[in-house]
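Source file run-v2.txt; content: compact mmCIF, C-alpha atoms.
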```
# COMPACT_ATOMS: atom_id res chain seq x y z
CA MET A 27 90.72 49.82 267.74
CA GLU A 28 91.95 47.10 265.42
CA ILE A 29 92.46 43.69 267.04
CA GLU A 30 93.75 41.04 264.69
CA ARG A 31 95.88 37.92 264.46
CA LYS A 32 97.98 37.20 261.38
CA PHE A 33 99.25 33.88 260.02
CA LEU A 34 101.06 32.37 257.09
CA VAL A 35 98.83 30.02 255.08
CA ALA A 36 99.48 26.27 255.28
CA SER A 37 97.01 25.34 252.52
CA LEU A 38 94.55 27.34 250.49
CA PRO A 39 90.86 26.92 251.34
CA ASP A 40 88.32 26.60 248.55
CA LEU A 41 88.23 30.06 246.98
CA ASN A 42 85.42 29.34 244.51
CA ASN A 43 82.57 31.79 245.04
CA VAL A 44 84.66 33.82 247.53
CA VAL A 45 84.53 37.61 247.23
CA PHE A 46 87.90 39.18 246.49
CA LYS A 47 89.38 42.61 245.79
CA GLU A 48 92.62 43.79 244.23
CA LEU A 49 94.57 45.93 246.71
CA LYS A 50 97.44 48.30 246.19
CA GLN A 51 98.89 50.03 249.20
CA ALA A 52 101.87 52.23 249.83
CA TYR A 53 103.34 54.22 252.68
CA LEU A 54 103.69 57.97 253.00
CA SER A 55 105.42 57.54 256.36
CA PHE A 56 106.64 54.56 258.37
CA GLU A 57 106.89 56.40 261.72
CA PRO A 58 104.10 57.31 262.27
CA GLU A 59 102.55 54.71 259.99
CA VAL A 60 100.56 56.49 257.28
CA ARG A 61 99.33 54.46 254.32
CA ILE A 62 97.27 54.91 251.18
CA ARG A 63 95.24 52.04 249.76
CA SER A 64 93.28 51.34 246.62
CA LEU A 65 90.62 48.59 246.43
CA ASP A 66 89.77 47.49 242.89
CA ASN A 67 91.03 50.90 241.74
CA ASN A 68 87.70 52.49 242.70
CA LEU A 69 87.77 52.86 246.49
CA PHE A 70 90.63 54.79 248.08
CA TYR A 71 91.71 55.25 251.69
CA LEU A 72 94.28 57.12 253.72
CA ALA A 73 95.12 55.33 256.99
CA GLU A 74 97.08 56.15 260.11
CA LYS A 75 97.92 53.29 262.45
CA SER A 76 99.50 53.26 265.88
CA THR A 77 102.30 50.92 266.83
CA GLY A 78 101.41 47.52 268.26
CA ASP A 79 100.89 43.88 267.39
CA LEU A 80 97.60 42.28 268.42
CA SER A 81 95.83 45.59 269.13
CA ARG A 82 96.38 49.05 267.69
CA SER A 83 94.37 52.09 266.74
CA GLU A 84 93.54 52.77 263.11
CA ILE A 85 91.93 55.77 261.44
CA GLU A 86 91.02 55.13 257.78
CA PRO A 87 88.96 57.80 256.01
CA LYS A 88 88.02 57.49 252.35
CA ILE A 89 89.76 59.75 249.84
CA ASN A 90 89.06 60.28 246.15
CA GLY A 91 91.03 58.83 243.24
CA VAL A 92 92.66 62.14 242.34
CA THR A 93 93.98 62.56 245.89
CA PHE A 94 95.22 58.95 245.81
CA GLN A 95 97.11 59.58 242.56
CA ILE A 96 98.68 62.77 243.92
CA LEU A 97 99.74 60.99 247.12
CA THR A 98 101.38 58.12 245.18
CA SER A 99 104.12 60.58 244.17
CA LEU A 100 105.06 60.86 247.88
CA VAL A 101 105.32 57.12 248.54
CA GLN A 102 108.26 55.67 250.47
CA GLY A 103 109.39 52.11 249.69
CA ARG A 104 107.68 49.63 247.39
CA ILE A 105 104.00 49.58 246.50
CA ILE A 106 102.41 46.39 247.82
CA SER A 107 100.04 44.58 245.46
CA LYS A 108 97.85 41.71 246.58
CA THR A 109 94.55 39.99 246.00
CA ARG A 110 92.46 39.83 249.16
CA TYR A 111 89.89 37.05 249.55
CA TYR A 112 87.17 37.40 252.19
CA VAL A 113 86.58 33.89 253.58
CA SER A 114 83.73 33.37 256.05
CA LEU A 115 84.62 31.55 259.26
CA ASN A 116 82.58 30.24 262.20
CA ASN A 117 81.24 32.64 264.84
CA ASN A 118 80.62 35.45 262.32
CA LEU A 119 84.36 35.91 261.79
CA MET A 120 86.03 36.73 258.50
CA ALA A 121 89.43 35.59 257.23
CA GLU A 122 91.18 38.10 254.99
CA LEU A 123 93.48 35.95 252.86
CA ASP A 124 96.14 37.95 250.99
CA ILE A 125 97.98 36.56 247.98
CA TYR A 126 100.81 38.95 247.20
CA TYR A 127 102.32 39.51 243.78
CA GLY A 128 105.09 41.56 242.23
CA GLU A 129 108.23 41.54 244.38
CA LEU A 130 106.28 39.74 247.10
CA GLU A 131 105.16 36.88 244.82
CA GLY A 132 104.90 33.68 246.86
CA LEU A 133 103.84 35.31 250.12
CA ILE A 134 100.36 34.30 251.29
CA THR A 135 99.01 35.49 254.63
CA VAL A 136 95.69 35.45 256.42
CA GLU A 137 94.43 37.68 259.19
CA THR A 138 91.29 37.70 261.27
CA GLU A 139 89.92 40.70 263.15
CA PHE A 140 88.19 40.42 266.51
CA LYS A 141 85.94 42.51 268.72
CA SER A 142 88.12 41.98 271.80
CA GLU A 143 91.50 40.63 272.85
CA LYS A 144 89.66 37.91 274.76
CA GLU A 145 87.95 36.79 271.54
CA ALA A 146 91.31 36.90 269.73
CA ASN A 147 92.98 34.78 272.39
CA GLU A 148 90.15 32.21 272.37
CA PHE A 149 90.14 31.93 268.56
CA ILE A 150 90.24 28.34 267.34
CA VAL A 151 92.65 28.52 264.42
CA PRO A 152 91.35 26.84 261.22
CA SER A 153 93.41 23.91 259.95
CA TRP A 154 94.41 25.77 256.76
CA TYR A 155 96.11 28.55 258.75
CA GLY A 156 99.85 28.09 259.17
CA LYS A 157 102.49 29.62 261.44
CA GLU A 158 101.28 32.61 263.47
CA ILE A 159 103.11 35.84 262.58
CA THR A 160 101.09 38.35 264.63
CA TYR A 161 104.17 39.28 266.65
CA ASP A 162 106.74 38.95 263.84
CA LYS A 163 107.34 42.54 262.76
CA ARG A 164 108.99 41.42 259.52
CA TYR A 165 105.54 40.55 258.15
CA LYS A 166 103.93 43.91 258.86
CA ASN A 167 103.05 45.45 255.52
CA LYS A 168 104.97 48.63 256.34
CA ASN A 169 108.11 46.51 256.79
CA LEU A 170 107.43 44.52 253.62
CA ALA A 171 107.27 47.87 251.82
CA ARG A 172 110.67 49.01 253.06
CA CYS A 173 112.88 45.94 253.52
CA SER A 174 115.78 45.31 251.14
CA ILE A 175 115.53 42.81 248.28
CA GLU A 176 117.94 40.51 250.18
CA GLU A 177 115.77 40.62 253.33
CA LEU A 178 112.70 40.05 251.18
CA LYS A 179 114.21 36.97 249.50
CA LEU A 180 115.06 35.46 252.90
CA LEU A 181 111.58 36.18 254.26
CA LEU A 182 109.87 34.70 251.19
CA ALA A 183 112.05 31.58 251.37
CA GLU A 184 111.16 31.17 255.06
CA SER A 185 107.44 31.78 254.50
CA ILE A 186 107.23 29.34 251.59
CA GLY A 187 109.21 26.81 253.64
CA ASN A 188 106.55 27.09 256.39
CA SER A 189 103.76 26.39 253.92
CA ARG A 190 102.35 23.19 252.45
CA ILE A 191 101.18 25.18 249.42
CA LYS A 192 102.95 24.03 246.28
CA LYS A 193 103.89 26.69 243.74
```
Any chance you could give the structure as structure tokens?
Amino acid sequence: MEIERKFLVASLPDLNNVVFKELKQAYLSFEPEVRIRSLDNNLFYLAEKSTGDLSRSEIEPKINGVTFQILTSLVQGRIISKTRYYVSLNNNLMAELDIYYGELEGLITVETEFKSEKEANEFIVPSWYGKEITYDKRYKNKNLARCSIEELKLLLAESIGNSRIKK
């Protein structure tokens, strides 16, 4: 079970000495949600996720690079490219800060996973987190992959408007 809260980013934390990976992900199906993902172009995954917001099931086995390349020919919608930074938080929690590029340039989100819904609900949000988007379906990656350019422009304008980050 995946339990996570997702936010826009109000201001970037110090990212010096923070581990990061380059991610590419794309969707083979939106309903049910089936995704492929590449991390640093050397780890590859095929994931199936249930519907939901705060909590949902996720199965994510590793696949090899050849399988990943073959599956990219079956992708629906845009391929999402982002740099993911792994920022340590208090209470042994981890913030996964995503800086998107390509058509999603300007979008910066952060999500934190929890062991329980109780822990998620008691989470003290760091000051650099911005507006919570856990329940805003527009920000789900599967919807970012399939929305129109016009919808994307509106979403990016709104997300940048909710941020103190200067571009």
Report, in Å with one decimal, the straight-line distance from CA of Glu57 (chain A) to CA of Ser83 (chain A).
14.2 Å
Edge lengths and centre in Å to one decimal, as AutoDock Vina command-line options, of the axis-aligned box that encloses all listed atoms of region 94-112 of chain A with 6 Å added on every side?
```
--center_x 98.3 --center_y 49.9 --center_z 247.4 --size_x 34.2 --size_y 37.7 --size_z 21.6
```
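The interatomic distance for the pair CA of Ile62 (chain A) and CA of Phe94 (chain A) works out to 7.0 Å.
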Measuring between all atoms listed in the file, which one of A:Ile105, A:Leu38, A:Leu130, A:Ile175 shows the shortest distance to Ser64 (chain A)?
A:Ile105
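Considering all atoms listed in the file, the residue among A:Thr98, A:Gln51, A:Asn67, A:Ser185 positioned nearest to Asn167 (chain A) is A:Gln51.
For the set A:Leu123, A:Ile134, A:Cys173, A:Leu181, the residue with the smallest atom-to-atom gap to Leu34 (chain A) is A:Ile134, counting only C-alpha atoms.
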Atom pair CA of Lys108 (chain A) / CA of Ile150 (chain A): separation (Å):
25.8 Å
Leu80 (chain A): which residues within 7 Å, counting all atoms listed in the file, same-chain residues fewer than 4 positions away excluded, as a compact mmCIF listing (two decimals) with C-alpha atoms, in the frame of the given file?
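The result, written out as part08.txt:
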```txt
# COMPACT_ATOMS: atom_id res chain seq x y z
CA ILE A 29 92.46 43.69 267.04
CA GLU A 30 93.75 41.04 264.69
CA ARG A 31 95.88 37.92 264.46
CA THR A 160 101.09 38.35 264.63
```
Tell me, as JSON, numbers by chain, which residues lie within 12 Å of Val35 (chain A), counting all atoms listed in the file; anything in the same chain fewer than 3 positions away does not count.
{"A": [32, 38, 39, 121, 122, 123, 124, 125, 132, 133, 134, 135, 136, 137, 151, 152, 153, 154, 155, 156, 157, 158, 159, 185, 186, 187, 188, 189, 190, 191, 192]}
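Comparing A:Arg172, A:Lys75, A:Lys166, A:Leu119 by their smallest distance to Phe149 (chain A), the closest is A:Leu119 (using all atoms listed in the file).
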Option closest in space to Pro87 (chain A), from A:Asn169, A:Ala183, A:Leu72, A:Arg104 [counting all atoms listed in the file]
A:Leu72
Residue nearest Tyr126 (chain A) among A:Leu178, A:Ile96, A:Leu49, A:Thr138 (counting all atoms listed in the file)
A:Leu49
Using only C-alpha atoms, which protein or nucleic acid residues come within 9 Å of Lys168 (chain A)? Drop anything in the same chain fewer than 5 positions from it, and give the result as a PyMOL selection string.
chain A and resi 52-53+55-56+59+61+103+173
Output for the residues just chosen: C-alpha atoms as a CSV table (one decimal), in the frame of the given file:
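And here is the file that came out, again-v9.csv:
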```
chain,number,residue,atom,x,y,z
A,52,ALA,CA,101.9,52.2,249.8
A,53,TYR,CA,103.3,54.2,252.7
A,55,SER,CA,105.4,57.5,256.4
A,56,PHE,CA,106.6,54.6,258.4
A,59,GLU,CA,102.6,54.7,260.0
A,61,ARG,CA,99.3,54.5,254.3
A,103,GLY,CA,109.4,52.1,249.7
A,173,CYS,CA,112.9,45.9,253.5
```
Write out as a ChimeraX atom specification each polymer residue whose atoms come within 10 Å of Leu41 (chain A), counting all atoms listed in the file; drop sequence neighbours fewer than 5 positions from it.
/A:46,111-113,123
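Omitting Ser76 (chain A) and its sequence neighbours fewer than 6 positions away, and counting all atoms listed in the file, the residues within 10 Å are Met27, Glu28, Glu57, Pro58, Glu59, Val60, Arg82, Ser83, Glu84 and Ile85 of chain A.
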Export region 120-133 of chain A of the preceding structure, keeping N, CA, C and O atoms, as a PDB file, in the first residue's frame.
```
ATOM      1  N   MET A 120      11.152  10.908   4.154  1.00  0.00           N
ATOM      2  CA  MET A 120      11.885  11.348   2.977  1.00  0.00           C
ATOM      3  C   MET A 120      10.954  12.170   2.096  1.00  0.00           C
ATOM      4  O   MET A 120       9.822  11.766   1.824  1.00  0.00           O
ATOM      5  N   ALA A 121      11.431  13.323   1.653  1.00  0.00           N
ATOM      6  CA  ALA A 121      10.708  14.130   0.673  1.00  0.00           C
ATOM      7  C   ALA A 121      11.267  13.776  -0.703  1.00  0.00           C
ATOM      8  O   ALA A 121      12.473  13.730  -0.893  1.00  0.00           O
ATOM      9  N   GLU A 122      10.381  13.478  -1.629  1.00  0.00           N
ATOM     10  CA  GLU A 122      10.771  13.236  -3.015  1.00  0.00           C
ATOM     11  C   GLU A 122      10.365  14.469  -3.806  1.00  0.00           C
ATOM     12  O   GLU A 122       9.193  14.672  -4.117  1.00  0.00           O
ATOM     13  N   LEU A 123      11.344  15.324  -4.077  1.00  0.00           N
ATOM     14  CA  LEU A 123      11.118  16.592  -4.756  1.00  0.00           C
ATOM     15  C   LEU A 123      11.341  16.392  -6.251  1.00  0.00           C
ATOM     16  O   LEU A 123      12.418  15.959  -6.661  1.00  0.00           O
ATOM     17  N   ASP A 124      10.322  16.665  -7.046  1.00  0.00           N
ATOM     18  CA  ASP A 124      10.386  16.454  -8.497  1.00  0.00           C
ATOM     19  C   ASP A 124      10.405  17.784  -9.226  1.00  0.00           C
ATOM     20  O   ASP A 124       9.481  18.595  -9.086  1.00  0.00           O
ATOM     21  N   ILE A 125      11.460  17.997 -10.007  1.00  0.00           N
ATOM     22  CA  ILE A 125      11.554  19.158 -10.889  1.00  0.00           C
ATOM     23  C   ILE A 125      11.365  18.639 -12.308  1.00  0.00           C
ATOM     24  O   ILE A 125      12.204  17.894 -12.824  1.00  0.00           O
ATOM     25  N   TYR A 126      10.237  19.009 -12.893  1.00  0.00           N
ATOM     26  CA  TYR A 126       9.861  18.511 -14.214  1.00  0.00           C
ATOM     27  C   TYR A 126      10.526  19.343 -15.296  1.00  0.00           C
ATOM     28  O   TYR A 126      10.813  20.524 -15.108  1.00  0.00           O
ATOM     29  N   TYR A 127      10.747  18.725 -16.447  1.00  0.00           N
ATOM     30  CA  TYR A 127      11.243  19.470 -17.601  1.00  0.00           C
ATOM     31  C   TYR A 127      10.529  18.998 -18.857  1.00  0.00           C
ATOM     32  O   TYR A 127       9.591  18.212 -18.778  1.00  0.00           O
ATOM     33  N   GLY A 128      10.935  19.528 -20.000  1.00  0.00           N
ATOM     34  CA  GLY A 128      10.197  19.263 -21.230  1.00  0.00           C
ATOM     35  C   GLY A 128       8.916  20.073 -21.220  1.00  0.00           C
ATOM     36  O   GLY A 128       8.904  21.232 -20.791  1.00  0.00           O
ATOM     37  N   GLU A 129       7.818  19.482 -21.659  1.00  0.00           N
ATOM     38  CA  GLU A 129       6.536  20.191 -21.695  1.00  0.00           C
ATOM     39  C   GLU A 129       6.038  20.604 -20.310  1.00  0.00           C
ATOM     40  O   GLU A 129       5.194  21.488 -20.186  1.00  0.00           O
ATOM     41  N   LEU A 130       6.567  19.977 -19.273  1.00  0.00           N
ATOM     42  CA  LEU A 130       6.145  20.277 -17.904  1.00  0.00           C
ATOM     43  C   LEU A 130       7.114  21.211 -17.175  1.00  0.00           C
ATOM     44  O   LEU A 130       7.038  21.367 -15.954  1.00  0.00           O
ATOM     45  N   GLU A 131       8.025  21.830 -17.931  1.00  0.00           N
ATOM     46  CA  GLU A 131       8.995  22.771 -17.367  1.00  0.00           C
ATOM     47  C   GLU A 131       8.275  23.802 -16.498  1.00  0.00           C
ATOM     48  O   GLU A 131       7.265  24.378 -16.910  1.00  0.00           O
ATOM     49  N   GLY A 132       8.775  24.017 -15.294  1.00  0.00           N
ATOM     50  CA  GLY A 132       8.182  24.979 -14.377  1.00  0.00           C
ATOM     51  C   GLY A 132       7.397  24.320 -13.254  1.00  0.00           C
ATOM     52  O   GLY A 132       7.152  24.928 -12.219  1.00  0.00           O
ATOM     53  N   LEU A 133       7.007  23.069 -13.440  1.00  0.00           N
ATOM     54  CA  LEU A 133       6.273  22.365 -12.397  1.00  0.00           C
ATOM     55  C   LEU A 133       7.271  21.736 -11.428  1.00  0.00           C
ATOM     56  O   LEU A 133       8.198  21.035 -11.838  1.00  0.00           O
TER      57      LEU A 133
END
```
